[in-house]
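The next block holds one structure in the form of structure tokens; read it before the comments.
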Amino acid sequence: MPAYPRLSIAALSLLIGCGPTDRAAPPAGSQAPAPPVNYGAETPASSKPFKVDPVAAFDSPWALAFLPDQRMLVTEKPGRLWLVSAAGVKTPVGGVPRVHFEGQGGLLFVATAPDFAQSGHVYLTYAEPGAGGDGLALARATLDPGAAQPVLKDLRVVWRQTPRGKGGQFGGYIAFSPDGRYLFLTSGERQRFTPAQDPDQALGKILRLTLDGTPAPGNPGAGKVGATTIGIIDPPENTGGAATAPVRQVTIPGPNLTRAETWTTGHRNPYGLAFDAKGRLWSTEMGPQGGDELNLIEPGRNYGWPIVSYGKNYDDTPIASPAGKTKFQQPALYWSPIIAPAGLTFYDGTMFPQWRGSAFVGGLASEALIRIAFDGAVPSEAERWAMGARIRAVMAGPDGALWLLEDGPGGRLLRLHSNRAG
């Protein structure tokens, strides 16, 4: 099969209208959907309806996952994994794979399998070093949390981004389908822009896989294979620079299953992924200079990056607005100025009954925690609280509390609980 041709942003935008995964244009005479609301200028509330208890501190923590006994697994970007009690007692976990810790890369997400109580399976995402650079990898291992010296055993990479190369923005978030049969994985576009629209590269996609890492049946491109010679670029300055960046051709071992794995396309850096109680999948996505997004993820849709965005390039050059572009799925809401979203969780606990059905988003640049309320499938920013630190992760815990990770060296694990309860 021939290599996917190198195309400019303008050429890609013309071709997108012919693809089978694009949103159909509205019927003649109908109106385009209303534009999403921008919540970028919202200000934090003056008081917090919760207490904040620091539990433990880490070196650049990135994600946490709960075990059935309410202990947690916490990743650190330099390549360490911890088993942590609710009281903050930390036990190192052995058997962690070697990672490339630099910039936005390192040990990233951790998730326990839906059947963890039986299988002991744990999933990790990380920047995997190798020839040509690094790439996002998804590994599965077995953990016995009751062992005196817990260790990951039988670790196996079940999916990896190839070819490797340069750039940050790995994505790396995991969500399991409500029936526990499938794994959704966010794959960022590595700051290279145009691969997000290339169906033969996993960059800038949300993938739907089996728990073994193979393409899930029923995907929009099920059964399709792609080119095995791929054009790779290094991160350019802006969207326009991507069109003229030097390209090197790299051949990967076949078959290329990206088309069969892809659920949605046209993403920049999805840094949150979660199902709501009605089985709808949502994602938070970092925009460039402006244009952070909350997206309702629907199969086969194209979310437009890098052709359209409500943000602009970091050098202030413009990017076409999504407004009126019916070829692309609009965000459900967006933030400009940015919040730099990191993490997404839905709350269904009893400690804060007034928040049941809400989503919570951590903010890096905004140093905030944000609550999203829903009217059906229509979200709105309901509350925002200044947390005084970059928030890297947020999870609803089995105890009904909200659990946060601060970013960077010394980042703390925080438990947010009711002012009326412990």
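Scheme for the structure tokens: letters A, B, ... for chains in order shown; per-chain residue numbers from 1; ligand numbers from 1 in order shown.
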
* To do: Quick one: everything within 10 Å of A:Arg156, counting only C-alpha atoms, minus sequence neighbours fewer than 6 positions away in the same chain. Send it as a list in words.
  => Pro97, Tyr123, Leu138, Ala139, Arg140, Ala141, Thr142 and Asp212 of chain A

Counting only C-alpha atoms, which residues of stretch 118-207 of chain A fall within 12 Å of stretch 338-352 of chain A, and what is the closest atom pair for each with its distance in Å at one decimal, ordered by chain and rising number, as JSON lines?
{"residue": "A:Gln169", "atom": "CA", "partner": "A:Ala342", "partner_atom": "CA", "distance": 11.9}
{"residue": "A:Gly171", "atom": "CA", "partner": "A:Ala342", "partner_atom": "CA", "distance": 10.1}
{"residue": "A:Gly172", "atom": "CA", "partner": "A:Gly343", "partner_atom": "CA", "distance": 11.1}
{"residue": "A:Tyr173", "atom": "CA", "partner": "A:Gly343", "partner_atom": "CA", "distance": 8.5}
{"residue": "A:Ile174", "atom": "CA", "partner": "A:Gly343", "partner_atom": "CA", "distance": 10.7}
{"residue": "A:Ala175", "atom": "CA", "partner": "A:Thr345", "partner_atom": "CA", "distance": 10.4}

The selected residues should be written to file as a CSV table (one decimal), in the first residue's frame (atoms: N, CA, C and O atoms).
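Generated output (out_29.csv):
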chain,number,residue,atom,x,y,z
A,169,GLN,N,3.2,15.9,24.3
A,169,GLN,CA,1.7,15.7,24.1
A,169,GLN,C,1.4,14.2,23.8
A,169,GLN,O,0.9,13.9,22.7
A,171,GLY,N,-0.8,12.3,25.4
A,171,GLY,CA,-2.1,11.8,25.7
A,171,GLY,C,-1.9,10.7,26.8
A,171,GLY,O,-1.4,11.0,27.9
A,172,GLY,N,-2.3,9.5,26.5
A,172,GLY,CA,-2.0,8.4,27.4
A,172,GLY,C,-3.1,8.1,28.4
A,172,GLY,O,-2.9,7.2,29.3
A,173,TYR,N,-4.3,8.7,28.3
A,173,TYR,CA,-5.4,8.4,29.3
A,173,TYR,C,-6.1,7.2,28.9
A,173,TYR,O,-6.3,6.9,27.7
A,174,ILE,N,-6.6,6.4,29.8
A,174,ILE,CA,-7.4,5.2,29.6
A,174,ILE,C,-8.7,5.3,30.2
A,174,ILE,O,-8.9,5.9,31.3
A,175,ALA,N,-9.7,4.7,29.5
A,175,ALA,CA,-11.1,4.5,30.1
A,175,ALA,C,-11.6,3.2,29.6
A,175,ALA,O,-11.4,2.8,28.5

* Return as a VMD selection string the full set of residues in stretch 47-123 of chain A whose backbone-based DSSP assignment is helix (DSSP H, G or I). => chain A and resid 116 to 119

Output C-alpha atoms for every residue in the selection just made, as a tab-separated table (two decimals), in the first residue's frame.
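Generated file (again17.tsv):
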chain	number	residue	atom	x	y	z
A	116	PHE	CA	-8.84	-6.61	38.72
A	117	ALA	CA	-10.24	-8.51	41.72
A	118	GLN	CA	-9.92	-11.72	39.70
A	119	SER	CA	-7.10	-11.02	37.23

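Distance-wise, atom CA of A:Thr186 and atom CA of A:Ile297 end up 11.2 Å apart.
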
* To do: Skip A:Val247 itself and residues of its chain fewer than 4 positions away, then list as a list in words all residues within 8 Å of it, counting only C-alpha atoms.
  =>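 Near neighbours after the sequence-gap exclusion: Gly231, Ile232 and Ile233 of chain A.
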
Take the residues just selected and output them with C-alpha atoms as an mmCIF file, in the first residue's frame.
data_model
loop_
_atom_site.group_PDB
_atom_site.id
_atom_site.type_symbol
_atom_site.label_atom_id
_atom_site.label_comp_id
_atom_site.auth_asym_id
_atom_site.auth_seq_id
_atom_site.Cartn_x
_atom_site.Cartn_y
_atom_site.Cartn_z
ATOM 1 C CA GLY A 231 6.076 10.313 6.729
ATOM 2 C CA ILE A 232 7.460 11.645 10.036
ATOM 3 C CA ILE A 233 8.210 15.254 10.955
#

* To do: Quick one: everything within 12 Å of A:Pro145, counting only C-alpha atoms, minus sequence neighbours fewer than 3 positions away in the same chain. Send it as JSON, numbers by chain.
  => {"A": [66, 67, 68, 69, 70, 71, 72, 73, 82, 83, 84, 85, 91, 92, 93, 94, 112, 116, 117, 119, 120, 121, 122, 142, 148, 149, 150, 151, 152, 153]}

Export of the given selection (N, CA and C atoms) as a PDB file, in the first residue's frame:
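Once everything was written out, this is selection.pdb:
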ATOM      1  N   PHE A  66      -7.624   3.505  41.985  1.00  0.00           N
ATOM      2  CA  PHE A  66      -8.026   2.866  43.231  1.00  0.00           C
ATOM      3  C   PHE A  66      -8.091   1.350  43.082  1.00  0.00           C
ATOM      4  N   LEU A  67      -7.674   0.666  44.118  1.00  0.00           N
ATOM      5  CA  LEU A  67      -7.809  -0.780  44.228  1.00  0.00           C
ATOM      6  C   LEU A  67      -9.098  -1.096  44.981  1.00  0.00           C
ATOM      7  N   PRO A  68      -9.563  -2.342  44.925  1.00  0.00           N
ATOM      8  CA  PRO A  68     -10.803  -2.687  45.621  1.00  0.00           C
ATOM      9  C   PRO A  68     -10.771  -2.420  47.126  1.00  0.00           C
ATOM     10  N   ASP A  69      -9.582  -2.444  47.746  1.00  0.00           N
ATOM     11  CA  ASP A  69      -9.496  -2.203  49.191  1.00  0.00           C
ATOM     12  C   ASP A  69      -9.287  -0.723  49.519  1.00  0.00           C
ATOM     13  N   GLN A  70      -9.472   0.140  48.530  1.00  0.00           N
ATOM     14  CA  GLN A  70      -9.392   1.595  48.658  1.00  0.00           C
ATOM     15  C   GLN A  70      -7.967   2.118  48.768  1.00  0.00           C
ATOM     16  N   ARG A  71      -6.973   1.248  48.674  1.00  0.00           N
ATOM     17  CA  ARG A  71      -5.616   1.758  48.464  1.00  0.00           C
ATOM     18  C   ARG A  71      -5.495   2.257  47.028  1.00  0.00           C
ATOM     19  N   MET A  72      -4.421   2.971  46.759  1.00  0.00           N
ATOM     20  CA  MET A  72      -4.232   3.597  45.463  1.00  0.00           C
ATOM     21  C   MET A  72      -2.894   3.228  44.852  1.00  0.00           C
ATOM     22  N   LEU A  73      -2.854   3.222  43.533  1.00  0.00           N
ATOM     23  CA  LEU A  73      -1.606   3.216  42.788  1.00  0.00           C
ATOM     24  C   LEU A  73      -1.380   4.631  42.269  1.00  0.00           C
ATOM     25  N   TRP A  82       3.812   3.716  43.046  1.00  0.00           N
ATOM     26  CA  TRP A  82       3.636   3.558  44.488  1.00  0.00           C
ATOM     27  C   TRP A  82       2.281   2.946  44.803  1.00  0.00           C
ATOM     28  N   LEU A  83       2.267   2.089  45.805  1.00  0.00           N
ATOM     29  CA  LEU A  83       1.037   1.616  46.414  1.00  0.00           C
ATOM     30  C   LEU A  83       0.835   2.447  47.671  1.00  0.00           C
ATOM     31  N   VAL A  84      -0.314   3.140  47.769  1.00  0.00           N
ATOM     32  CA  VAL A  84      -0.508   4.155  48.806  1.00  0.00           C
ATOM     33  C   VAL A  84      -1.787   3.857  49.577  1.00  0.00           C
ATOM     34  N   SER A  85      -1.697   3.864  50.892  1.00  0.00           N
ATOM     35  CA  SER A  85      -2.882   3.665  51.719  1.00  0.00           C
ATOM     36  C   SER A  85      -3.645   4.981  51.838  1.00  0.00           C
ATOM     37  N   THR A  91       4.307   2.446  49.573  1.00  0.00           N
ATOM     38  CA  THR A  91       5.114   1.263  49.347  1.00  0.00           C
ATOM     39  C   THR A  91       5.513   1.228  47.882  1.00  0.00           C
ATOM     40  N   PRO A  92       6.812   1.137  47.569  1.00  0.00           N
ATOM     41  CA  PRO A  92       7.209   1.107  46.159  1.00  0.00           C
ATOM     42  C   PRO A  92       6.781  -0.197  45.497  1.00  0.00           C
ATOM     43  N   VAL A  93       6.417  -0.097  44.227  1.00  0.00           N
ATOM     44  CA  VAL A  93       6.042  -1.259  43.423  1.00  0.00           C
ATOM     45  C   VAL A  93       7.164  -1.525  42.433  1.00  0.00           C
ATOM     46  N   GLY A  94       7.666  -2.745  42.411  1.00  0.00           N
ATOM     47  CA  GLY A  94       8.744  -3.104  41.503  1.00  0.00           C
ATOM     48  C   GLY A  94       8.231  -3.520  40.134  1.00  0.00           C
ATOM     49  N   THR A 112      -6.570   0.157  36.782  1.00  0.00           N
ATOM     50  CA  THR A 112      -6.808  -1.243  37.111  1.00  0.00           C
ATOM     51  C   THR A 112      -7.875  -1.790  36.174  1.00  0.00           C
ATOM     52  N   PHE A 116     -10.080  -6.568  37.939  1.00  0.00           N
ATOM     53  CA  PHE A 116      -8.841  -6.613  38.724  1.00  0.00           C
ATOM     54  C   PHE A 116      -8.942  -7.576  39.902  1.00  0.00           C
ATOM     55  N   ALA A 117     -10.093  -7.645  40.558  1.00  0.00           N
ATOM     56  CA  ALA A 117     -10.236  -8.506  41.724  1.00  0.00           C
ATOM     57  C   ALA A 117      -9.936  -9.962  41.385  1.00  0.00           C
ATOM     58  N   SER A 119      -8.283 -10.897  38.089  1.00  0.00           N
ATOM     59  CA  SER A 119      -7.103 -11.019  37.233  1.00  0.00           C
ATOM     60  C   SER A 119      -5.856 -10.369  37.804  1.00  0.00           C
ATOM     61  N   GLY A 120      -6.020  -9.333  38.642  1.00  0.00           N
ATOM     62  CA  GLY A 120      -4.876  -8.570  39.124  1.00  0.00           C
ATOM     63  C   GLY A 120      -4.217  -7.725  38.054  1.00  0.00           C
ATOM     64  N   HIS A 121      -4.901  -7.508  36.922  1.00  0.00           N
ATOM     65  CA  HIS A 121      -4.285  -6.779  35.814  1.00  0.00           C
ATOM     66  C   HIS A 121      -4.265  -5.268  36.061  1.00  0.00           C
ATOM     67  N   VAL A 122      -3.109  -4.685  35.778  1.00  0.00           N
ATOM     68  CA  VAL A 122      -2.888  -3.243  35.857  1.00  0.00           C
ATOM     69  C   VAL A 122      -2.366  -2.779  34.505  1.00  0.00           C
ATOM     70  N   THR A 142       0.544  -7.960  35.914  1.00  0.00           N
ATOM     71  CA  THR A 142      -0.229  -8.523  37.016  1.00  0.00           C
ATOM     72  C   THR A 142       0.380  -8.051  38.330  1.00  0.00           C
ATOM     73  N   ALA A 148       4.200  -8.647  50.314  1.00  0.00           N
ATOM     74  CA  ALA A 148       5.020  -7.798  51.180  1.00  0.00           C
ATOM     75  C   ALA A 148       5.839  -6.819  50.356  1.00  0.00           C
ATOM     76  N   GLN A 149       6.345  -7.279  49.205  1.00  0.00           N
ATOM     77  CA  GLN A 149       7.075  -6.421  48.278  1.00  0.00           C
ATOM     78  C   GLN A 149       6.333  -6.468  46.941  1.00  0.00           C
ATOM     79  N   PRO A 150       5.330  -5.611  46.737  1.00  0.00           N
ATOM     80  CA  PRO A 150       4.530  -5.693  45.510  1.00  0.00           C
ATOM     81  C   PRO A 150       5.370  -5.442  44.270  1.00  0.00           C
ATOM     82  N   VAL A 151       5.106  -6.202  43.233  1.00  0.00           N
ATOM     83  CA  VAL A 151       5.872  -6.085  42.000  1.00  0.00           C
ATOM     84  C   VAL A 151       4.963  -6.370  40.813  1.00  0.00           C
ATOM     85  N   LEU A 152       5.183  -5.682  39.716  1.00  0.00           N
ATOM     86  CA  LEU A 152       4.473  -5.960  38.476  1.00  0.00           C
ATOM     87  C   LEU A 152       5.102  -7.189  37.827  1.00  0.00           C
ATOM     88  N   LYS A 153       4.282  -8.171  37.534  1.00  0.00           N
ATOM     89  CA  LYS A 153       4.772  -9.405  36.932  1.00  0.00           C
ATOM     90  C   LYS A 153       4.183  -9.580  35.541  1.00  0.00           C
TER      91      LYS A 153
END

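Compared by their closest atoms to A:Gly279, and using only C-alpha atoms, the residues A:Pro178, A:Gly135, A:Gly362, A:Gly266 rank with A:Pro178 nearest.
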
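Here the question is which of A:Gly287, A:Gly204, A:Pro353, A:Gly324 gets nearest to A:Pro337 using only C-alpha atoms, and that residue is A:Gly287.
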
* Pick from A:Gly411, A:Asn238, A:Pro270, A:Arg80: nearest to A:Asn313, with only C-alpha atoms counted? -> A:Asn238

* To do: Using backbone DSSP assignments, extract all strand (DSSP E or B) residues from stretch 35-235 of chain A; output them as a ChimeraX atom specification.
  => /A:37-38,50-59,61-66,72-76,80-84,90-94,102,105,107-112,121-130,133-143,151-160,165,171-176,182-187,205-210,215,226,229-232

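Closest approach to A:Ser358 among A:Ala274, A:Ala320, A:Ile391, A:Ala196: A:Ala274, based on only C-alpha atoms.
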
* Distance in Å - atom CA of A:Gly133 versus atom CA of A:Pro236 ->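 Going from atom CA of A:Gly133 over to atom CA of A:Pro236 covers 16.0 Å.
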
* d(atom CA of A:Val52, atom CA of A:Ser418) in Å -> 9.1 Å

* Asked: Neighbours of A:Phe101 within 10 Å (only C-alpha atoms; same-chain residues fewer than 6 positions away dropped), as a list in words?
  ->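 In the requested format, the answer is Glu76, Lys77, Pro78, Gly79, Leu107, Leu108, Tyr126, Ala127, Glu128 and Pro129 of chain A.
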
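You can rank A:Pro114, A:Gly130, A:Pro318, A:Gly103 by their closest distance to A:Arg164 using only C-alpha atoms, and at the top of that list sits A:Gly130.
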